[in-house]
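*Asks:* Input run-v9.pdb, format and content: PDB, C-alpha atoms.
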```
MODEL        1
ATOM      1  CA  MET I   1      11.530  -6.151  13.181  1.00  0.00           C
ATOM      2  CA  ILE I   2      11.085  -3.058  11.019  1.00  0.00           C
ATOM      3  CA  CYS I   3      14.486  -1.725  12.009  1.00  0.00           C
ATOM      4  CA  SER I   4      16.185  -4.971  11.030  1.00  0.00           C
ATOM      5  CA  LEU I   5      15.095  -4.638   7.425  1.00  0.00           C
ATOM      6  CA  SER I   6      17.366  -2.587   5.254  1.00  0.00           C
ATOM      7  CA  VAL I   7      17.784  -1.544   1.694  1.00  0.00           C
ATOM      8  CA  TYR I   8      21.295  -2.947   1.647  1.00  0.00           C
ATOM      9  CA  GLY I   9      21.302  -6.042  -0.468  1.00  0.00           C
ATOM     10  CA  GLN I  10      17.700  -5.502  -1.559  1.00  0.00           C
ATOM     11  CA  LYS I  11      17.161  -7.382  -4.765  1.00  0.00           C
ATOM     12  CA  ARG I  12      15.343  -5.574  -7.546  1.00  0.00           C
ATOM     13  CA  TYR I  13      12.250  -7.403  -8.805  1.00  0.00           C
ATOM     14  CA  GLN I  14      10.372  -6.374 -11.872  1.00  0.00           C
ATOM     15  CA  TYR I  15       6.735  -7.399 -12.032  1.00  0.00           C
ATOM     16  CA  THR I  16       5.712  -5.171 -14.899  1.00  0.00           C
ATOM     17  CA  GLU I  17       7.621  -2.521 -16.758  1.00  0.00           C
ATOM     18  CA  SER I  18       5.086   0.183 -15.887  1.00  0.00           C
ATOM     19  CA  PHE I  19       5.225  -0.713 -12.145  1.00  0.00           C
ATOM     20  CA  ASP I  20       9.026  -0.566 -12.226  1.00  0.00           C
ATOM     21  CA  GLN I  21       8.945   2.787 -14.044  1.00  0.00           C
ATOM     22  CA  THR I  22       6.442   4.175 -11.530  1.00  0.00           C
ATOM     23  CA  LEU I  23       8.707   3.143  -8.646  1.00  0.00           C
ATOM     24  CA  ASP I  24      11.642   4.936 -10.286  1.00  0.00           C
ATOM     25  CA  ARG I  25       9.623   8.040 -11.181  1.00  0.00           C
ATOM     26  CA  MET I  26       8.266   8.426  -7.644  1.00  0.00           C
ATOM     27  CA  GLY I  27      11.506   7.509  -5.893  1.00  0.00           C
ATOM     28  CA  LEU I  28      10.210   4.361  -4.179  1.00  0.00           C
ATOM     29  CA  TYR I  29      11.714   1.083  -2.976  1.00  0.00           C
ATOM     30  CA  TYR I  30       9.548  -2.020  -3.234  1.00  0.00           C
ATOM     31  CA  TYR I  31      10.373  -4.836  -0.803  1.00  0.00           C
ATOM     32  CA  GLU I  32       9.698  -8.321  -2.114  1.00  0.00           C
ATOM     33  CA  PRO I  33       8.287 -10.644   0.540  1.00  0.00           C
ATOM     34  CA  THR I  34      10.456 -13.719   1.024  1.00  0.00           C
ATOM     35  CA  GLU I  35       7.799 -15.943   2.601  1.00  0.00           C
ATOM     36  CA  ALA I  36       5.217 -15.765  -0.186  1.00  0.00           C
ATOM     37  CA  TRP I  37       5.265 -16.141  -3.919  1.00  0.00           C
ATOM     38  CA  LEU I  38       3.394 -13.252  -5.471  1.00  0.00           C
ATOM     39  CA  HIS I  39       2.337 -12.842  -9.049  1.00  0.00           C
ATOM     40  CA  PRO I  40       0.644  -9.904 -10.777  1.00  0.00           C
ATOM     41  CA  VAL I  41      -2.997 -10.251 -11.710  1.00  0.00           C
ATOM     42  CA  PRO I  42      -5.084  -7.914 -13.867  1.00  0.00           C
ATOM     43  CA  GLN I  43      -7.603  -5.585 -12.303  1.00  0.00           C
ATOM     44  CA  LYS I  44     -11.061  -6.982 -12.996  1.00  0.00           C
ATOM     45  CA  LYS I  45     -13.176  -3.963 -12.113  1.00  0.00           C
ATOM     46  CA  LYS I  46     -12.190  -0.313 -12.311  1.00  0.00           C
ATOM     47  CA  GLU I  47     -15.015   0.668  -9.985  1.00  0.00           C
ATOM     48  CA  TYR I  48     -12.628   1.637  -7.155  1.00  0.00           C
ATOM     49  CA  GLY I  49     -10.175   3.508  -9.300  1.00  0.00           C
ATOM     50  CA  PRO I  50      -7.069   2.185 -10.961  1.00  0.00           C
ATOM     51  CA  PHE I  51      -4.505   0.188  -9.019  1.00  0.00           C
ATOM     52  CA  ASP I  52      -0.892   0.426 -10.148  1.00  0.00           C
ATOM     53  CA  MET I  53      -0.222  -3.192  -9.203  1.00  0.00           C
ATOM     54  CA  ILE I  54      -2.236  -6.102  -7.880  1.00  0.00           C
ATOM     55  CA  LEU I  55      -0.267  -9.066  -6.538  1.00  0.00           C
ATOM     56  CA  HIS I  56      -1.829 -12.344  -5.484  1.00  0.00           C
ATOM     57  CA  SER I  57      -0.331 -15.175  -3.454  1.00  0.00           C
ATOM     58  CA  THR I  58      -1.806 -18.614  -3.919  1.00  0.00           C
ATOM     59  CA  ASP I  59       0.194 -20.163  -1.082  1.00  0.00           C
ATOM     60  CA  LYS I  60      -0.470 -17.537   1.628  1.00  0.00           C
ATOM     61  CA  ASP I  61      -4.009 -16.441   0.741  1.00  0.00           C
ATOM     62  CA  ILE I  62      -3.222 -12.758   0.488  1.00  0.00           C
ATOM     63  CA  GLU I  63      -3.586 -10.072  -2.099  1.00  0.00           C
ATOM     64  CA  ILE I  64      -1.548  -6.868  -2.184  1.00  0.00           C
ATOM     65  CA  ARG I  65      -2.547  -3.761  -4.100  1.00  0.00           C
ATOM     66  CA  TYR I  66      -0.698  -0.515  -4.716  1.00  0.00           C
ATOM     67  CA  ARG I  67      -1.968   2.871  -5.749  1.00  0.00           C
ATOM     68  CA  PHE I  68       0.365   5.793  -6.344  1.00  0.00           C
ATOM     69  CA  LYS I  69      -0.707   9.404  -6.635  1.00  0.00           C
ATOM     70  CA  ALA I  70       1.811  11.848  -8.035  1.00  0.00           C
ATOM     71  CA  LEU I  71       1.619  15.322  -6.559  1.00  0.00           C
ATOM     72  CA  GLN I  72       1.323  17.441  -9.685  1.00  0.00           C
ATOM     73  CA  ASN I  73      -1.088  20.201  -8.787  1.00  0.00           C
ATOM     74  CA  PRO I  74      -1.050  22.050  -5.429  1.00  0.00           C
ATOM     75  CA  THR I  75      -4.866  21.818  -5.322  1.00  0.00           C
ATOM     76  CA  ASP I  76      -4.892  17.996  -5.612  1.00  0.00           C
ATOM     77  CA  LEU I  77      -6.532  16.301  -2.645  1.00  0.00           C
ATOM     78  CA  ALA I  78      -3.408  14.090  -2.373  1.00  0.00           C
ATOM     79  CA  ASN I  79      -1.556  17.165  -1.059  1.00  0.00           C
ATOM     80  CA  HIS I  80      -3.744  16.819   2.034  1.00  0.00           C
ATOM     81  CA  PRO I  81      -2.938  13.241   3.043  1.00  0.00           C
ATOM     82  CA  GLN I  82      -5.451  12.907   5.885  1.00  0.00           C
ATOM     83  CA  LEU I  83      -8.375  14.027   3.720  1.00  0.00           C
ATOM     84  CA  ASP I  84      -7.247  11.913   0.778  1.00  0.00           C
ATOM     85  CA  LEU I  85      -6.945   8.861   3.028  1.00  0.00           C
ATOM     86  CA  TYR I  86     -10.373   9.368   4.614  1.00  0.00           C
ATOM     87  CA  GLN I  87     -11.980   9.643   1.194  1.00  0.00           C
ATOM     88  CA  TYR I  88     -10.137   6.605  -0.165  1.00  0.00           C
ATOM     89  CA  VAL I  89     -10.853   4.352   2.825  1.00  0.00           C
ATOM     90  CA  THR I  90     -14.558   5.212   2.779  1.00  0.00           C
ATOM     91  CA  THR I  91     -14.606   4.247  -0.895  1.00  0.00           C
ATOM     92  CA  LEU I  92     -12.956   0.857  -0.230  1.00  0.00           C
ATOM     93  CA  ALA I  93     -14.552  -0.067   3.116  1.00  0.00           C
ATOM     94  CA  SER I  94     -17.739  -2.037   3.499  1.00  0.00           C
ATOM     95  CA  ASN I  95     -20.921  -0.019   3.899  1.00  0.00           C
ATOM     96  CA  ASN I  96     -22.181  -2.355   6.627  1.00  0.00           C
ATOM     97  CA  GLN I  97     -22.769  -0.602   9.937  1.00  0.00           C
ATOM     98  CA  SER I  98     -21.090  -3.212  12.153  1.00  0.00           C
ATOM     99  CA  PRO I  99     -17.493  -3.313  10.840  1.00  0.00           C
ATOM    100  CA  ASN I 100     -15.202  -0.659  12.254  1.00  0.00           C
ATOM    101  CA  ILE I 101     -12.552   1.347  10.476  1.00  0.00           C
ATOM    102  CA  THR I 102      -9.521   1.707  12.716  1.00  0.00           C
ATOM    103  CA  LEU I 103      -6.996   4.433  11.922  1.00  0.00           C
ATOM    104  CA  THR I 104      -3.590   4.332  13.601  1.00  0.00           C
ATOM    105  CA  GLU I 105      -0.996   7.031  13.111  1.00  0.00           C
ATOM    106  CA  ILE I 106       2.505   5.710  12.513  1.00  0.00           C
ATOM    107  CA  GLN I 107       5.063   7.190  14.904  1.00  0.00           C
ATOM    108  CA  SER I 108       6.920  10.100  13.316  1.00  0.00           C
ATOM    109  CA  GLU I 109      10.334   8.482  13.982  1.00  0.00           C
ATOM    110  CA  ILE I 110       9.281   5.361  12.046  1.00  0.00           C
ATOM    111  CA  VAL I 111       7.714   7.396   9.244  1.00  0.00           C
ATOM    112  CA  ASP I 112      10.905   9.430   8.931  1.00  0.00           C
ATOM    113  CA  THR I 113      13.612   6.769   9.334  1.00  0.00           C
ATOM    114  CA  ILE I 114      11.976   3.595   7.993  1.00  0.00           C
ATOM    115  CA  PHE I 115       9.616   4.881   5.308  1.00  0.00           C
ATOM    116  CA  ASN I 116      11.522   8.122   4.488  1.00  0.00           C
ATOM    117  CA  ALA I 117       8.162   9.888   4.385  1.00  0.00           C
ATOM    118  CA  ASP I 118       6.644  12.968   5.994  1.00  0.00           C
ATOM    119  CA  TRP I 119       3.395  11.335   7.155  1.00  0.00           C
ATOM    120  CA  GLY I 120       2.012   7.834   7.532  1.00  0.00           C
ATOM    121  CA  LEU I 121      -1.079   6.080   8.796  1.00  0.00           C
ATOM    122  CA  TYR I 122      -2.495   2.542   9.027  1.00  0.00           C
ATOM    123  CA  ALA I 123      -6.144   1.872   8.271  1.00  0.00           C
ATOM    124  CA  ASP I 124      -7.720  -1.474   9.162  1.00  0.00           C
ATOM    125  CA  PHE I 125     -11.156  -2.216   7.767  1.00  0.00           C
ATOM    126  CA  THR I 126     -13.493  -4.702   6.129  1.00  0.00           C
ATOM    127  CA  PRO I 127     -13.366  -4.180   2.356  1.00  0.00           C
ATOM    128  CA  LYS I 128     -16.407  -4.115   0.128  1.00  0.00           C
ATOM    129  CA  GLU I 129     -17.256  -7.600  -1.134  1.00  0.00           C
ATOM    130  CA  SER I 130     -17.097  -6.383  -4.725  1.00  0.00           C
ATOM    131  CA  LEU I 131     -13.512  -5.186  -4.138  1.00  0.00           C
ATOM    132  CA  SER I 132     -12.017  -8.315  -2.593  1.00  0.00           C
ATOM    133  CA  SER I 133     -13.046 -11.775  -1.508  1.00  0.00           C
ATOM    134  CA  PHE I 134     -10.827 -11.445   1.573  1.00  0.00           C
ATOM    135  CA  PRO I 135     -12.568 -10.373   4.804  1.00  0.00           C
ATOM    136  CA  TYR I 136      -9.907  -7.932   6.071  1.00  0.00           C
ATOM    137  CA  CYS I 137      -7.699  -5.157   4.737  1.00  0.00           C
ATOM    138  CA  ARG I 138      -4.774  -3.251   6.203  1.00  0.00           C
ATOM    139  CA  LEU I 139      -3.783  -0.173   4.285  1.00  0.00           C
ATOM    140  CA  ILE I 140      -0.607   1.828   4.762  1.00  0.00           C
ATOM    141  CA  ALA I 141      -0.806   5.388   3.512  1.00  0.00           C
ATOM    142  CA  LEU I 142       2.497   7.226   3.074  1.00  0.00           C
ATOM    143  CA  TYR I 143       2.986  10.821   2.011  1.00  0.00           C
ATOM    144  CA  LYS I 144       6.125  12.664   1.023  1.00  0.00           C
ATOM    145  CA  GLU I 145       5.805  16.355   0.274  1.00  0.00           C
ATOM    146  CA  ASP I 146       6.498  17.253  -3.372  1.00  0.00           C
ATOM    147  CA  HIS I 147       6.696  13.532  -4.268  1.00  0.00           C
ATOM    148  CA  ALA I 148       3.661  11.323  -3.918  1.00  0.00           C
ATOM    149  CA  MET I 149       0.891   9.793  -1.871  1.00  0.00           C
ATOM    150  CA  VAL I 150       1.285   6.004  -1.717  1.00  0.00           C
ATOM    151  CA  TYR I 151      -1.307   3.429  -0.737  1.00  0.00           C
ATOM    152  CA  SER I 152      -0.221  -0.122  -0.029  1.00  0.00           C
ATOM    153  CA  MET I 153      -3.016  -2.546   0.862  1.00  0.00           C
ATOM    154  CA  VAL I 154      -2.975  -6.139   1.961  1.00  0.00           C
ATOM    155  CA  PHE I 155      -6.172  -8.158   1.855  1.00  0.00           C
ATOM    156  CA  TYR I 156      -6.045 -11.227   4.093  1.00  0.00           C
ATOM    157  CA  LYS I 157      -8.099 -13.883   5.901  1.00  0.00           C
ATOM    158  CA  GLU I 158      -6.757 -14.259   9.432  1.00  0.00           C
ATOM    159  CA  GLU I 159      -3.787 -12.050  10.297  1.00  0.00           C
ATOM    160  CA  VAL I 160      -1.630  -9.417   8.641  1.00  0.00           C
ATOM    161  CA  PRO I 161       1.539 -11.003   7.234  1.00  0.00           C
ATOM    162  CA  GLU I 162       4.781  -9.840   8.894  1.00  0.00           C
ATOM    163  CA  TYR I 163       6.062  -8.700   5.512  1.00  0.00           C
ATOM    164  CA  PHE I 164       3.526  -5.916   5.558  1.00  0.00           C
ATOM    165  CA  ASP I 165       5.518  -4.070   8.236  1.00  0.00           C
ATOM    166  CA  LEU I 166       7.614  -2.660   5.403  1.00  0.00           C
ATOM    167  CA  PRO I 167       6.108  -3.239   1.939  1.00  0.00           C
ATOM    168  CA  ILE I 168       7.349  -0.035   0.325  1.00  0.00           C
ATOM    169  CA  SER I 169       9.241   3.135   1.213  1.00  0.00           C
ATOM    170  CA  PHE I 170      10.478   6.335  -0.311  1.00  0.00           C
ATOM    171  CA  ARG I 171      14.134   6.561  -1.227  1.00  0.00           C
ATOM    172  CA  GLU I 172      16.207   8.931   0.868  1.00  0.00           C
TER     173      GLU I 172
ENDMDL
END
```
Please render this file's structure as structure tokens.
*Replies:*
Amino acid sequence: MICSLSVYGQKRYQYTESFDQTLDRMGLYYYEPTEAWLHPVPQKKKEYGPFDMILHSTDKDIEIRYRFKALQNPTDLANHPQLDLYQYVTTLASNNQSPNITLTEIQSEIVDTIFNADWGLYADFTPKESLSSFPYCRLIALYKEDHAMVYSMVFYKEEVPEYFDLPISFRE
């Protein structure tokens, strides 16, 4: 399924001017899901850091959040994607002892050809209740050297939407 998606013919959607500018500045493609109507919503609490975009779907019961970290300083933790991801997931995940955090490395061929990134990883976890009312989260972390660290999260009730196979990628 991932391989069948392409940038060719990808329509350009603008949710907010700052989101669109961030995509351009970081050299990213955003893929609009066709099966759900998403609209931007404001961030209510800043307790988990700023999100660059929060999209909510009333018809599919999902919420998608994006956080982009520009790589400006060589000492930034974002230059070490595994460490940055571990820190970020532990901030977002529930503190309950029973839920597991599952980390799955994305195959290097997929990271390279589909996401145009240098590194990628999935994290599945139960989010903190104060972060989201949804019981599950799948996060895709993508890293491209000298560009950015990108977090794309989907919060959902029952299963991860197919769209989330390719929510965002770096431009070639």
*Asks:* Which of these residues is nearest to Tyr30 (chain I), using only C-alpha atoms: I:Glu109, I:Tyr66, I:Thr104, I:Asp124?
*Replies:*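 Checking each of I:Glu109, I:Tyr66, I:Thr104, I:Asp124 against Tyr30 (chain I), counting only C-alpha atoms, the winner is I:Tyr66.
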*Asks:* Carefully work through the PyMOL selection byres ((chain I and resi 69) around 12) for this structure and note down the residues it includes, as number ranges by chain.
*Replies:* I: 22-23, 25-26, 49-52, 66-68, 70-73, 76-81, 84-85, 88, 141-152
*Asks:* Measuring between all atoms listed in the file, which one of I:Glu17, I:Trp37, I:Tyr122, I:Ser94 shows the shortest distance to Ile62 (chain I)?
*Replies:* I:Trp37
*Asks:* Can you give me, as an MDAnalysis selection string, the residues this file yields under the PyMOL selection byres ((chain I and resi 171) around 6)?
*Replies:* chainID I and resid 27:28 170 172
*Asks:* So what do you get for CA of Ser132 (chain I) versus CA of Ile114 (chain I), distance-wise?
*Replies:*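 So the two atoms, CA of Ser132 (chain I) and CA of Ile114 (chain I), lie 28.8 Å apart.
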*Asks:* Tell me which residues the PyMOL selection byres ((chain I and resi 137-139) around 8) grabs here, as an MDAnalysis selection string.
*Replies:* chainID I and resid 122:127 134:136 140:141 151:156 160
*Asks:* CA of Asp59 (chain I) to CA of Glu129 (chain I): how many Å, to one decimal?
*Replies:*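 Atom-to-atom, CA of Asp59 (chain I) and CA of Glu129 (chain I) are spaced 21.5 Å apart.
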*Asks:* Just give me the gap between CA of Gln97 (chain I) and CA of Pro161 (chain I) in Å, one decimal is fine.
*Replies:*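 These two atoms are separated by 26.6 Å.
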*Asks:* Rank I:Leu83, I:Leu55, I:Ile168, I:Ala93 by their smallest atom-to-atom distance to Val111 (chain I), using all atoms listed in the file, and report the top residue only.
*Replies:*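 Among the listed residues, the smallest separation from Val111 (chain I) belongs to I:Ile168.
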*Asks:* Measuring between all atoms listed in the file, which one of I:Ile110, I:Glu63, I:Pro74, I:Asn95 shows the shortest distance to Ser133 (chain I)?
*Replies:*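 Counting all atoms listed in the file, the residue closest to Ser133 (chain I) is I:Glu63.
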*Asks:* Ranking I:Tyr48, I:Phe164, I:Phe19, I:Phe115 by minimum distance to Leu92 (chain I) and counting all atoms listed in the file, which one comes first?
*Replies:*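 Nearest candidate to Leu92 (chain I) out of I:Tyr48, I:Phe164, I:Phe19, I:Phe115: I:Tyr48.
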*Asks:* Enclose region 21-24 of chain I, meaning all of its atoms listed in the file, in a box aligned along x, y and z, pad it by 4 Å on each side, and list the centre and edge lengths in Å to one decimal, as lines of an AutoDock Vina configuration file.
*Replies:*
```
center_x = 9.0
center_y = 3.9
center_z = -11.3
size_x = 13.2
size_y = 10.1
size_z = 13.4
```
